[in-house]
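Below: protein02.txt (compact mmCIF, C-alpha atoms)
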```
# COMPACT_ATOMS: atom_id res chain seq x y z
CA MET A 858 15.20 18.29 25.38
CA ARG A 859 13.30 21.58 25.31
CA PHE A 860 10.88 22.52 28.08
CA PRO A 861 7.24 22.07 26.87
CA SER A 862 6.41 25.76 27.31
CA SER A 863 4.13 25.87 24.24
CA ILE A 864 1.92 23.17 25.79
CA PHE A 865 1.68 25.13 29.04
CA VAL A 866 0.73 28.35 27.21
CA SER A 867 -1.93 26.57 25.13
CA VAL A 868 -3.56 24.95 28.16
CA SER A 869 -3.36 28.17 30.19
CA LEU A 870 -5.14 30.19 27.48
CA PHE A 871 -7.74 27.43 26.98
CA THR A 872 -8.50 27.20 30.72
CA ALA A 873 -8.52 30.97 31.27
CA GLU A 874 -10.82 31.67 28.34
CA THR A 875 -13.24 28.89 29.27
CA THR A 876 -13.40 30.08 32.89
CA ALA A 877 -13.92 33.73 31.90
CA ALA A 878 -16.61 32.77 29.38
CA LEU A 879 -18.51 30.67 31.92
CA TYR A 880 -18.38 33.50 34.45
CA LEU A 881 -19.55 36.06 31.90
CA SER A 882 -22.42 33.80 30.76
CA SER A 883 -23.58 33.59 34.39
CA THR A 884 -23.66 37.40 34.56
CA TYR A 885 -25.70 37.51 31.35
CA ARG A 886 -28.12 35.01 32.88
CA SER A 887 -28.49 37.16 36.01
CA ALA A 888 -29.18 40.21 33.85
CA GLY A 889 -31.76 38.32 31.76
CA ASP A 890 -29.77 38.50 28.51
CA GLN A 891 -30.48 34.97 27.32
CA ILE A 892 -29.33 35.60 23.73
CA TRP A 893 -25.90 36.86 24.80
CA GLN A 894 -25.64 34.00 27.30
CA GLY A 895 -26.44 31.39 24.65
CA LEU A 896 -23.98 32.80 22.10
CA THR A 897 -21.21 33.09 24.70
CA LEU A 898 -21.69 29.45 25.71
CA LEU A 899 -21.89 28.39 22.05
CA PHE A 900 -18.53 29.96 21.19
CA THR A 901 -17.05 28.29 24.27
CA LEU A 902 -18.39 24.74 24.11
CA VAL A 903 -18.19 24.08 20.35
CA PRO A 904 -14.41 24.75 20.04
CA SER A 905 -13.88 22.87 23.32
CA VAL A 906 -15.55 19.78 21.84
CA LEU A 907 -13.47 20.12 18.66
CA VAL A 908 -10.29 20.37 20.75
CA GLN A 909 -11.18 17.15 22.60
CA LEU A 910 -11.86 15.35 19.32
CA THR A 911 -8.58 16.56 17.83
CA LEU A 912 -6.53 15.38 20.80
CA THR A 913 -8.30 12.01 20.74
CA PHE A 914 -7.74 11.66 16.98
CA ILE A 915 -4.04 12.59 17.06
CA HIS A 916 -3.22 10.32 20.02
CA ARG A 917 -5.41 7.52 18.56
CA ASP A 918 -7.14 6.85 21.86
CA LEU A 919 -10.13 5.18 20.19
CA SER A 920 -7.97 2.24 19.14
CA ARG A 921 -6.32 1.94 22.57
CA ASP A 922 -7.73 0.66 25.84
CA ARG A 923 -7.79 3.95 27.80
CA PRO A 924 -11.33 4.43 29.16
CA LEU A 925 -10.28 6.95 31.84
CA ILE A 926 -8.68 9.25 29.27
CA LEU A 927 -11.79 9.07 27.07
CA LEU A 928 -13.99 9.88 30.07
CA LEU A 929 -11.89 12.93 30.89
CA HIS A 930 -12.16 14.08 27.28
CA ILE A 931 -15.94 13.75 27.48
CA LEU A 932 -15.83 15.92 30.62
CA GLN A 933 -13.85 18.54 28.59
CA LEU A 934 -10.74 18.00 30.75
CA GLY A 935 -8.59 16.47 28.02
CA PRO A 936 -6.13 19.38 27.54
CA ILE A 937 -5.35 19.52 31.27
CA VAL A 938 -4.72 15.77 31.43
CA ARG A 939 -2.55 15.87 28.30
CA CYS A 940 -0.54 18.76 29.75
CA LEU A 941 0.11 16.83 32.98
CA GLU A 942 1.08 13.78 30.93
CA ALA A 943 3.55 15.84 28.88
CA PHE A 944 5.16 17.28 32.01
CA CYS A 945 5.43 13.80 33.53
CA ILE A 946 7.22 12.62 30.37
CA TYR A 947 9.54 15.63 30.50
CA GLY A 948 10.33 15.00 34.16
CA SER A 949 11.12 11.32 33.58
CA VAL A 950 13.75 12.00 30.90
CA GLY A 951 17.16 10.84 32.07
CA ARG A 952 15.82 8.90 35.04
CA VAL A 953 14.66 5.85 33.09
CA GLU A 954 16.90 4.23 30.51
CA GLU A 955 15.43 4.24 27.02
CA PRO A 956 14.78 0.71 25.67
CA TYR A 957 15.48 1.88 22.13
CA VAL A 958 16.18 5.05 20.20
CA SER A 959 15.51 6.12 16.64
CA ILE A 960 17.86 8.08 14.41
CA THR A 961 16.62 11.12 12.52
CA ARG A 962 18.47 13.01 9.82
CA LYS A 963 17.97 16.73 9.42
CA LYS A 964 19.68 19.21 7.15
CA GLN A 965 21.13 22.39 8.51
CA MET A 966 20.52 25.75 6.90
CA PRO A 967 22.76 26.01 3.80
CA ARG A 968 25.95 27.99 4.22
CA ARG A 969 27.95 28.97 1.16
CA GLY A 970 25.54 26.96 -0.99
CA GLN A 971 25.93 23.66 0.92
CA ALA A 972 23.58 22.05 3.43
CA GLU A 973 25.10 19.55 5.86
CA GLU A 974 23.06 16.59 7.07
CA VAL A 975 23.16 15.88 10.81
CA GLU A 976 22.09 12.68 12.54
CA ARG A 977 20.44 12.79 15.95
CA GLN A 978 19.17 10.13 18.31
CA VAL A 979 15.57 10.52 19.42
CA GLY A 980 14.39 8.53 22.42
CA GLN A 981 10.90 7.21 23.04
CA ALA A 982 10.09 9.92 25.59
CA GLU A 983 11.18 12.69 23.23
CA GLY A 984 9.03 11.18 20.49
CA LYS A 985 5.98 11.19 22.76
CA LEU A 986 6.68 14.78 23.76
CA PHE A 987 6.96 15.74 20.10
CA THR A 988 3.49 14.22 19.51
CA HIS A 989 2.09 16.26 22.40
CA ARG A 990 3.61 19.47 21.00
CA ALA A 991 2.20 18.80 17.54
CA ALA A 992 -1.25 18.05 18.97
CA PHE A 993 -1.38 21.22 21.06
CA ALA A 994 -0.11 23.33 18.15
CA ARG A 995 -3.13 22.20 16.13
CA THR A 996 -5.61 22.59 18.97
CA SER A 997 -4.34 26.15 19.59
CA VAL A 998 -5.25 27.04 16.00
CA ILE A 999 -8.70 25.43 16.36
CA GLN A 1000 -9.38 27.19 19.66
CA ALA A 1001 -8.21 30.52 18.26
CA PHE A 1002 -10.22 30.77 15.05
CA LEU A 1003 -13.29 28.65 15.77
CA GLY A 1004 -13.77 29.89 19.33
CA SER A 1005 -11.77 32.93 20.39
CA ALA A 1006 -12.22 34.94 17.17
CA PRO A 1007 -16.06 34.79 17.10
CA GLN A 1008 -16.10 35.21 20.89
CA LEU A 1009 -14.05 38.42 20.68
CA THR A 1010 -16.25 39.74 17.87
CA LEU A 1011 -19.41 39.01 19.85
CA GLN A 1012 -18.21 40.63 23.08
CA LEU A 1013 -16.93 43.74 21.27
CA TYR A 1014 -20.29 44.03 19.50
CA ILE A 1015 -22.07 43.87 22.87
CA CYS A 1016 -19.73 46.59 24.19
CA VAL A 1017 -20.64 48.85 21.27
CA LEU A 1018 -24.38 48.30 21.75
CA GLN A 1019 -24.28 48.82 25.52
CA GLN A 1020 -21.65 51.58 25.28
CA GLY A 1021 -19.66 50.14 28.15
CA VAL A 1022 -17.12 47.50 29.11
CA SER A 1023 -17.59 45.45 32.25
CA ILE A 1024 -14.69 43.81 34.06
CA GLY A 1025 -15.75 40.28 33.10
CA ARG A 1026 -16.30 41.18 29.44
CA GLY A 1027 -13.05 43.11 29.20
CA THR A 1028 -11.12 40.21 30.73
CA LEU A 1029 -12.64 37.74 28.28
CA MET A 1030 -11.86 40.04 25.34
CA VAL A 1031 -8.20 40.39 26.33
CA ILE A 1032 -7.80 36.63 26.80
CA SER A 1033 -9.57 35.94 23.49
CA LEU A 1034 -7.31 38.36 21.61
CA LEU A 1035 -4.21 36.75 23.12
CA SER A 1036 -5.57 33.32 22.20
CA ILE A 1037 -6.16 34.38 18.57
CA VAL A 1038 -2.71 35.93 18.20
CA TYR A 1039 -1.08 32.90 19.79
CA GLY A 1040 -3.04 30.58 17.49
CA ALA A 1041 -1.96 32.57 14.45
CA LEU A 1042 1.64 32.46 15.68
CA ARG A 1043 1.46 28.68 16.11
CA CYS A 1044 -0.03 28.46 12.61
CA ASN A 1045 2.98 30.32 11.20
CA ILE A 1046 5.48 28.10 13.04
CA LEU A 1047 3.53 24.99 12.05
CA ALA A 1048 3.61 26.04 8.39
CA ILE A 1049 7.38 26.57 8.53
CA LYS A 1050 8.01 23.16 10.11
CA ILE A 1051 5.73 21.37 7.64
CA LYS A 1052 7.19 23.05 4.55
CA TYR A 1053 10.80 22.60 5.65
CA ASP A 1054 10.49 19.26 7.41
CA ASP A 1055 13.89 18.09 6.12
CA TYR A 1056 15.72 20.97 7.80
CA GLU A 1057 16.61 21.81 11.37
CA VAL A 1058 14.54 24.95 11.90
CA ASP A 1059 15.57 27.41 14.60
CA VAL A 1060 13.09 30.25 15.11
CA ARG A 1061 14.77 33.24 16.75
CA PRO A 1062 13.09 35.58 19.28
CA MET A 1063 12.97 38.47 16.80
CA ALA A 1064 10.90 36.29 14.47
CA TYR A 1065 8.40 35.65 17.27
CA VAL A 1066 8.20 39.40 17.97
CA CYS A 1067 7.54 40.21 14.28
CA ILE A 1068 4.85 37.53 13.99
CA PHE A 1069 3.20 38.69 17.23
CA LEU A 1070 3.05 42.34 16.08
CA TRP A 1071 1.97 41.39 12.56
CA ARG A 1072 -0.88 39.18 13.76
CA SER A 1073 -1.94 41.54 16.58
CA PHE A 1074 -2.48 44.51 14.27
CA GLU A 1075 -4.04 42.40 11.53
CA ILE A 1076 -6.56 40.54 13.71
CA ALA A 1077 -7.48 43.49 15.93
CA THR A 1078 -8.14 45.69 12.89
CA ARG A 1079 -10.24 43.01 11.20
CA VAL A 1080 -12.39 42.41 14.28
CA VAL A 1081 -13.00 46.14 14.85
CA VAL A 1082 -13.97 46.65 11.19
CA LEU A 1083 -16.47 43.78 11.29
CA VAL A 1084 -17.99 45.03 14.55
CA LEU A 1085 -18.34 48.62 13.33
CA PHE A 1086 -20.00 47.50 10.10
CA SER A 1087 -22.38 45.09 11.87
CA SER A 1088 -23.42 47.75 14.38
CA VAL A 1089 -24.97 49.93 11.66
CA LEU A 1090 -25.92 47.36 8.99
CA GLN A 1091 -26.97 44.27 10.94
CA LEU A 1092 -28.55 42.43 8.01
CA TRP A 1093 -25.74 43.09 5.55
CA ILE A 1094 -23.06 41.58 7.79
CA LEU A 1095 -24.47 38.09 7.11
CA PRO A 1096 -23.86 38.20 3.31
CA VAL A 1097 -20.36 39.60 3.90
CA VAL A 1098 -19.42 36.85 6.37
CA LEU A 1099 -21.05 34.05 4.35
CA LEU A 1100 -19.40 35.18 1.11
CA ASN A 1101 -15.97 35.29 2.74
CA PHE A 1102 -16.48 31.93 4.37
CA LEU A 1103 -17.81 30.15 1.29
CA VAL A 1104 -15.04 31.49 -0.94
CA PHE A 1105 -12.29 30.16 1.30
CA PHE A 1106 -14.17 26.95 2.11
CA LEU A 1107 -14.74 26.03 -1.54
CA TYR A 1108 -11.40 27.28 -2.91
CA PRO A 1109 -9.34 24.17 -1.91
CA TRP A 1110 -12.07 21.88 -3.28
CA ILE A 1111 -12.17 23.75 -6.62
CA LEU A 1112 -8.38 23.41 -6.97
CA PHE A 1113 -8.68 19.72 -6.08
CA TRP A 1114 -11.35 19.10 -8.75
CA GLN A 1115 -9.32 20.98 -11.33
CA SER A 1116 -6.22 18.86 -10.61
CA HIS A 1117 -8.13 15.59 -11.34
CA SER A 1118 -6.23 13.94 -8.48
CA PRO A 1119 -7.50 10.77 -6.77
CA PHE A 1120 -9.41 11.07 -3.53
CA PRO A 1121 -7.03 11.21 -0.52
CA GLU A 1122 -6.97 7.83 1.21
CA ASN A 1123 -3.85 8.08 3.37
CA ILE A 1124 -5.14 10.32 6.19
CA GLU A 1125 -5.93 7.47 8.58
CA LYS A 1126 -6.14 3.76 7.83
CA THR A 1127 -9.10 3.19 10.15
CA LEU A 1128 -11.22 5.89 8.49
CA THR A 1129 -13.79 5.04 5.83
CA ARG A 1130 -14.39 7.20 2.78
CA VAL A 1131 -17.17 9.03 4.60
CA GLY A 1132 -14.91 9.62 7.62
CA THR A 1133 -12.13 10.92 5.38
CA THR A 1134 -14.58 13.32 3.72
CA ILE A 1135 -15.71 14.61 7.13
CA VAL A 1136 -12.08 15.18 8.19
CA LEU A 1137 -11.32 17.05 4.94
CA CYS A 1138 -14.44 19.19 5.35
CA MET A 1139 -13.39 20.05 8.91
CA LEU A 1140 -9.93 20.98 7.63
CA THR A 1141 -11.30 23.31 4.96
CA PHE A 1142 -13.79 24.67 7.53
CA LEU A 1143 -10.86 25.62 9.77
CA TYR A 1144 -9.00 27.05 6.77
CA ALA A 1145 -11.98 29.28 5.97
CA GLY A 1146 -12.23 30.39 9.61
CA ILE A 1147 -8.56 31.41 9.65
CA ASN A 1148 -8.79 33.39 6.40
CA MET A 1149 -11.88 35.17 7.67
CA PHE A 1150 -9.70 37.07 10.16
CA CYS A 1151 -6.14 36.85 8.82
CA TRP A 1152 -3.91 35.27 6.21
CA SER A 1153 -3.51 31.53 6.75
CA ALA A 1154 0.16 30.60 6.75
CA VAL A 1155 -0.84 26.96 6.19
CA GLN A 1156 -2.29 26.70 2.68
CA VAL A 1157 -4.52 23.65 2.20
CA LYS A 1158 -3.89 21.54 -0.90
CA LEU A 1159 -6.12 18.46 -1.02
CA SER A 1160 -4.25 16.92 -3.96
CA ASP A 1161 -1.01 16.75 -1.92
CA PRO A 1162 -0.37 13.63 0.21
CA ASP A 1163 0.27 15.88 3.24
CA LEU A 1164 -2.77 18.07 2.39
CA ILE A 1165 -0.52 21.15 2.63
CA ASN A 1166 0.83 23.35 -0.15
CA LYS A 1167 4.57 23.45 0.50
CA SER A 1168 5.43 26.04 -2.14
CA GLN A 1169 5.69 29.72 -1.28
CA ASN A 1170 3.16 31.65 -3.39
CA TRP A 1171 3.83 35.37 -3.08
CA TYR A 1172 1.19 36.26 -5.67
CA ARG A 1173 -1.61 34.65 -3.66
CA MET A 1174 -0.49 36.45 -0.51
CA ALA A 1175 -0.27 39.80 -2.31
CA VAL A 1176 -3.72 39.40 -3.86
CA TYR A 1177 -5.19 38.42 -0.47
CA TYR A 1178 -3.83 41.48 1.33
CA MET A 1179 -4.79 43.88 -1.44
CA LEU A 1180 -8.35 42.57 -1.59
CA ARG A 1181 -8.64 42.49 2.19
CA PHE A 1182 -7.42 46.07 2.44
CA VAL A 1183 -9.99 47.16 -0.15
CA GLU A 1184 -12.73 45.24 1.66
CA ASN A 1185 -11.86 46.78 5.03
CA ALA A 1186 -11.81 50.26 3.49
CA SER A 1187 -15.20 49.64 1.84
CA LEU A 1188 -16.79 48.39 5.06
CA LEU A 1189 -15.41 51.41 6.95
CA LEU A 1190 -16.77 53.74 4.28
CA LEU A 1191 -20.24 52.20 4.60
CA TRP A 1192 -20.01 52.49 8.38
CA TYR A 1193 -19.05 56.15 8.06
CA ILE A 1194 -22.03 56.83 5.79
CA TYR A 1195 -24.64 55.01 7.88
CA LYS A 1196 -23.24 55.56 11.41
CA THR A 1197 -25.81 56.25 14.11
CA ASP A 1198 -25.92 58.54 17.14
CA ILE A 1199 -24.02 56.11 19.37
CA TYR A 1200 -20.85 57.27 17.62
CA LYS A 1201 -21.44 60.98 18.11
CA PHE A 1202 -18.61 61.24 20.65
CA ILE A 1203 -16.12 59.57 18.29
CA CYS A 1204 -14.15 61.34 15.57
CA ALA A 1205 -15.16 59.01 12.74
CA PRO A 1206 -12.60 60.14 10.09
CA LEU A 1207 -9.76 59.75 12.61
CA LEU A 1208 -10.98 56.26 13.57
CA VAL A 1209 -11.13 55.19 9.92
CA LEU A 1210 -7.62 56.53 9.34
CA GLN A 1211 -6.28 54.77 12.45
CA LEU A 1212 -7.73 51.41 11.40
CA LEU A 1213 -6.33 51.65 7.88
CA VAL A 1214 -2.92 52.68 9.22
CA ALA A 1215 -3.03 49.78 11.71
CA TYR A 1216 -3.65 47.33 8.87
CA ALA A 1217 -0.78 48.88 6.91
CA ILE A 1218 1.46 48.43 9.98
CA ALA A 1219 0.47 44.76 10.07
CA ILE A 1220 1.54 44.39 6.44
CA PHE A 1221 4.80 46.16 7.27
CA PHE A 1222 5.68 43.70 10.04
CA MET A 1223 4.73 40.83 7.74
CA LEU A 1224 7.20 42.09 5.13
CA VAL A 1225 9.89 42.51 7.79
CA PHE A 1226 9.36 38.94 8.96
CA TYR A 1227 9.61 37.34 5.53
CA GLN A 1228 12.46 39.55 4.40
CA PHE A 1229 14.72 39.53 7.47
CA CYS A 1230 13.45 37.20 10.24
CA HIS A 1231 12.15 34.08 8.50
CA PRO A 1232 14.32 31.14 9.65
CA CYS A 1233 14.33 29.55 6.16
CA ARG A 1234 14.57 32.64 3.98
CA ARG A 1235 17.76 31.25 2.37
CA LEU A 1236 15.67 28.43 0.90
CA PHE A 1237 13.18 30.70 -0.86
CA SER A 1238 13.08 29.96 -4.57
CA SER A 1239 12.30 33.62 -5.25
CA SER A 1240 12.63 36.80 -3.22
CA MET A 1241 9.47 38.03 -1.55
CA THR A 1242 10.16 41.62 -2.58
CA GLN A 1243 10.64 40.57 -6.20
CA GLY A 1244 7.48 38.46 -6.13
CA LEU A 1245 5.34 41.26 -4.71
CA TRP A 1246 6.90 43.74 -7.13
CA ASP A 1247 6.11 41.47 -10.09
CA CYS A 1248 2.54 41.06 -8.85
CA SER A 1249 2.02 44.82 -8.48
CA SER A 1250 3.60 45.39 -11.91
CA LEU A 1251 1.22 42.84 -13.42
CA LEU A 1252 -1.78 44.56 -11.86
CA CYS A 1253 -0.59 47.97 -13.05
CA LEU A 1254 -0.12 46.58 -16.56
CA MET A 1255 -3.65 45.14 -16.55
CA CYS A 1256 -5.10 48.45 -15.34
CA SER A 1257 -3.14 50.51 -17.87
CA SER A 1258 -4.04 48.19 -20.76
CA GLY A 1259 -7.72 48.51 -19.87
CA SER A 1260 -7.69 52.34 -19.78
CA PRO A 1261 -9.14 54.15 -22.85
CA GLN A 1262 -6.04 56.34 -23.26
CA ASN A 1263 -3.88 53.32 -24.13
CA ARG A 1264 -6.26 51.76 -26.66
CA PRO A 1265 -5.00 51.94 -30.28
CA MET A 1266 -6.74 54.56 -32.44
CA MET A 1267 -7.82 52.91 -35.70
CA LYS A 1268 -7.84 55.98 -37.88
CA GLU A 1269 -6.35 56.37 -41.35
CA ALA A 1270 -4.86 59.62 -42.50
CA PRO A 1271 -6.41 60.84 -45.77
CA THR A 1272 -4.20 60.73 -48.89
CA PRO A 1273 -4.36 63.94 -50.91
CA SER A 1274 -3.62 62.20 -54.22
CA ALA A 1275 -6.23 59.45 -53.78
CA PRO A 1276 -9.23 59.70 -56.11
CA LYS A 1277 -12.72 60.18 -54.71
CA GLU A 1278 -14.66 56.97 -53.93
CA PRO A 1279 -18.24 56.30 -53.08
CA ALA A 1280 -19.20 56.20 -49.40
CA THR A 1281 -19.56 52.41 -49.18
CA GLN A 1282 -16.24 51.82 -50.93
CA ARG A 1283 -14.51 54.36 -48.65
CA SER A 1284 -15.84 52.60 -45.55
CA ARG A 1285 -14.68 49.19 -46.86
CA SER A 1286 -11.17 50.48 -47.64
CA TRP A 1287 -10.96 52.10 -44.14
CA LEU A 1288 -11.81 48.79 -42.47
CA CYS A 1289 -9.33 46.86 -44.62
CA GLY A 1290 -6.58 49.37 -43.87
CA ALA A 1291 -7.27 49.20 -40.16
CA GLN A 1292 -7.21 45.40 -40.23
CA ARG A 1293 -3.89 45.43 -42.14
CA ARG A 1294 -2.33 47.79 -39.60
CA SER A 1295 -3.60 45.82 -36.62
CA SER A 1296 -2.23 42.58 -38.14
CA ALA A 1297 1.10 44.29 -38.83
```

Output the file's structure as C-alpha cells, nothing else.
Amino acid sequence: MRFPSSIFVSVSLFTAETTAALYLSSTYRSAGDQIWQGLTLLFTLVPSVLVQLTLTFIHRDLSRDRPLILLLHILQLGPIVRCLEAFCIYGSVGRVEEPYVSITRKKQMPRRGQAEEVERQVGQAEGKLFTHRAAFARTSVIQAFLGSAPQLTLQLYICVLQQGVSIGRGTLMVISLLSIVYGALRCNILAIKIKYDDYEVDVRPMAYVCIFLWRSFEIATRVVVLVLFSSVLQLWILPVVLLNFLVFFLYPWILFWQSHSPFPENIEKTLTRVGTTIVLCMLTFLYAGINMFCWSAVQVKLSDPDLINKSQNWYRMAVYYMLRFVENASLLLLWYIYKTDIYKFICAPLLVLQLLVAYAIAIFFMLVFYQFCHPCRRLFSSSMTQGLWDCSSLLCLMCSSGSPQNRPMMKEAPTPSAPKEPATQRSRSWLCGAQRRSSA
C-alpha cells in the first residue's frame, strides 16, 4: 500500500495558506486597511467552508452518527482530522486481520496490441484510504481555484499598488502559487484516473515534472496579465472576468440542453432535485473557476452518468489555448497603451515579450506531456499532434476562404463574334452566364 503523501501535501498547503492569510489580515487590520483585510479573509474562509462541506459529503458523515467529526468540521479542522485518520489507517495495515477483501480487475497498458487483465485483492483499510485520497484530491482543486487563485491575484495587485512586497505578503503569495499548481496537477491526475478507470495507471516522475512546469508557467502568466490589466483599467477588469466566468459556467449547461438528456438523478440517493441542482451548479462553478486561470483537464459533461467527458477532444484544447493567447496579448497591449507612472522603472516591451514567451513555454511543456509523458498515450484514439495540426489547418482554410483574393471573380470574357445587344439584355445574359458557371 502506498504512503498517503498526497494527503499530507494537501493538508500542509491548506494549513500553511490559512495561517499565512490570517497573519496577513491581522497586519492589514493594524495598518487600517479594512478592505484588504476583508478580501483576504473572504478568500480564506469561503474555500475553507467549501472544503469542509466536500469532505463531509464524500464521507457521508451526515447519515452517520459522528457528532465529534461534524463539530470539528464546523470549527474548520476537518482536513487535519481526516489526515490523522488516514495515517492511522495506514499504520494499522498488516497489524489487524482483514475481515473480508474485495477483488478488483484492472487492465494493464496494452503491449503489442493486447491488454492483460489483472486481479487484485483490496482490503477494507485500503478501500478507506482510497476514499481519503479521492476526497483530498477534490478538495485540493477546490482550495486551489476558489481560494488560492483569487488570493494570489489580490495580493499581487496590492503589491503593484503599494510598490513593495512585505514578508507576510510574499510568503502568502508563494504558498498560494504552490497551492494552485498542486491543485492543477491533482486535476490532471484525477482526469486521467477517471477517464481510464479500467486500467492500472502508473504516472512516472517525468510526467509530474512536465505537469508542474506546464501549470506553473500557465498560471503565473495568467495571474500577472490580469493584475497588470486591472492596475490601469480597474473598471474594465470586471467585464473581462465576468464574461470569462459566465462563458465557462454556462457552457456545460448549454451542451446539456442541446443533448436533450434526462436530468441527472444518480449523484446521491439522499439528495432531492433541488439538492442535485445545487451540487451541479457548484460543479460548473468550480469548472468555470479552473478555466479562468488555466485549462481544465476534467471536462464537465452533465449528460454523462459520471458527469465527466471521458473522450479526448484536441480541438477544444487547441481553440482554448489559441483564444487565451490572443486574450492575454490583447490585455497586455491595453496595459501597454494605458500604463501609468508606477511602471516607469519597468521596460514595458520586454515585460510583454517575457509574459508571451512564458505562456508559449507553458504550451510547449503541455505538448511534451501529452506526446511523450502521458501514462495512457497508447490508448489515444488519435494523435495529439495530428489533432492540433488538423485544427490549425481548418482555421487556416477558414481564413483563406474568407479573404477577398480567393473569392471567385464572376466576369465573362467578351466574344468578338457576338452581335450587339441592348444594355438590359447584356446585363441579363451576364448574370445567366455567371450563374451557369457557378453551378458548373

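As for atom CA of Leu1224 of chain A and atom CA of Glu1184 of chain A, they are spaced 20.5 Å apart.
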
Counting all atoms listed in the file, which residues of segment 1131-1221 of chain A fall within 8 Å of segment 993-1013 of chain A, and what is the closest atom pair for each with its distance in Å at one decimal, ordered by chain and rising number, as CSV?
```
residue,atom,partner,partner_atom,distance
A:Leu1143,CA,A:Ile999,CA,6.9
A:Gly1146,CA,A:Phe1002,CA,5.8
A:Ile1147,CA,A:Phe1002,CA,5.7
A:Phe1150,CA,A:Ala1006,CA,7.7
```

Each segment 946-1061 of chain A residue no farther than 9 Å from segment 1155-1158 of chain A, nearest pair in Å, all atoms listed in the file, as JSON lines:
```
{"residue": "A:Cys1044", "atom": "CA", "partner": "A:Val1155", "partner_atom": "CA", "distance": 6.6}
{"residue": "A:Asn1045", "atom": "CA", "partner": "A:Val1155", "partner_atom": "CA", "distance": 7.1}
{"residue": "A:Leu1047", "atom": "CA", "partner": "A:Val1155", "partner_atom": "CA", "distance": 7.6}
{"residue": "A:Ala1048", "atom": "CA", "partner": "A:Val1155", "partner_atom": "CA", "distance": 5.0}
{"residue": "A:Ile1049", "atom": "CA", "partner": "A:Val1155", "partner_atom": "CA", "distance": 8.6}
{"residue": "A:Ile1051", "atom": "CA", "partner": "A:Val1155", "partner_atom": "CA", "distance": 8.7}
```

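Nearest residue to Arg1026 of chain A among A:Met1063, A:Leu879, A:Leu1083, A:Leu1103 is A:Leu879, counting only C-alpha atoms.
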
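The gap separating atom CA of Tyr1144 of chain A from atom CA of Val1209 of chain A is 28.4 Å, in Å to one decimal.
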
In terms of the shortest atom-to-atom distance over all atoms listed in the file, which of A:Ile1094, A:Ala888, A:Val1225, A:Val1214 is closest to Leu1191 of chain A?
A:Ile1094

Give as a PyMOL selection string the set of residues within 12 Å of the point (5.1, 14.3, 33.3), where distances use the file's coordinates and only C-alpha atoms.
chain A and resi 860-861+937-950+982-983+985-986+989

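Put simply, atom CA of Gly1132 of chain A is 27.2 Å away from atom CA of Gly984 of chain A.
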
Given 4 Å on each side, where is the centre and what are the edge lengths in Å to one decimal of the axis-aligned box enclosing the listed atoms of segment 963-982 of chain A, as AutoDock Vina command-line options?
```
--center_x 19.0 --center_y 18.1 --center_z 12.3 --size_x 25.9 --size_y 29.8 --size_z 34.6
```
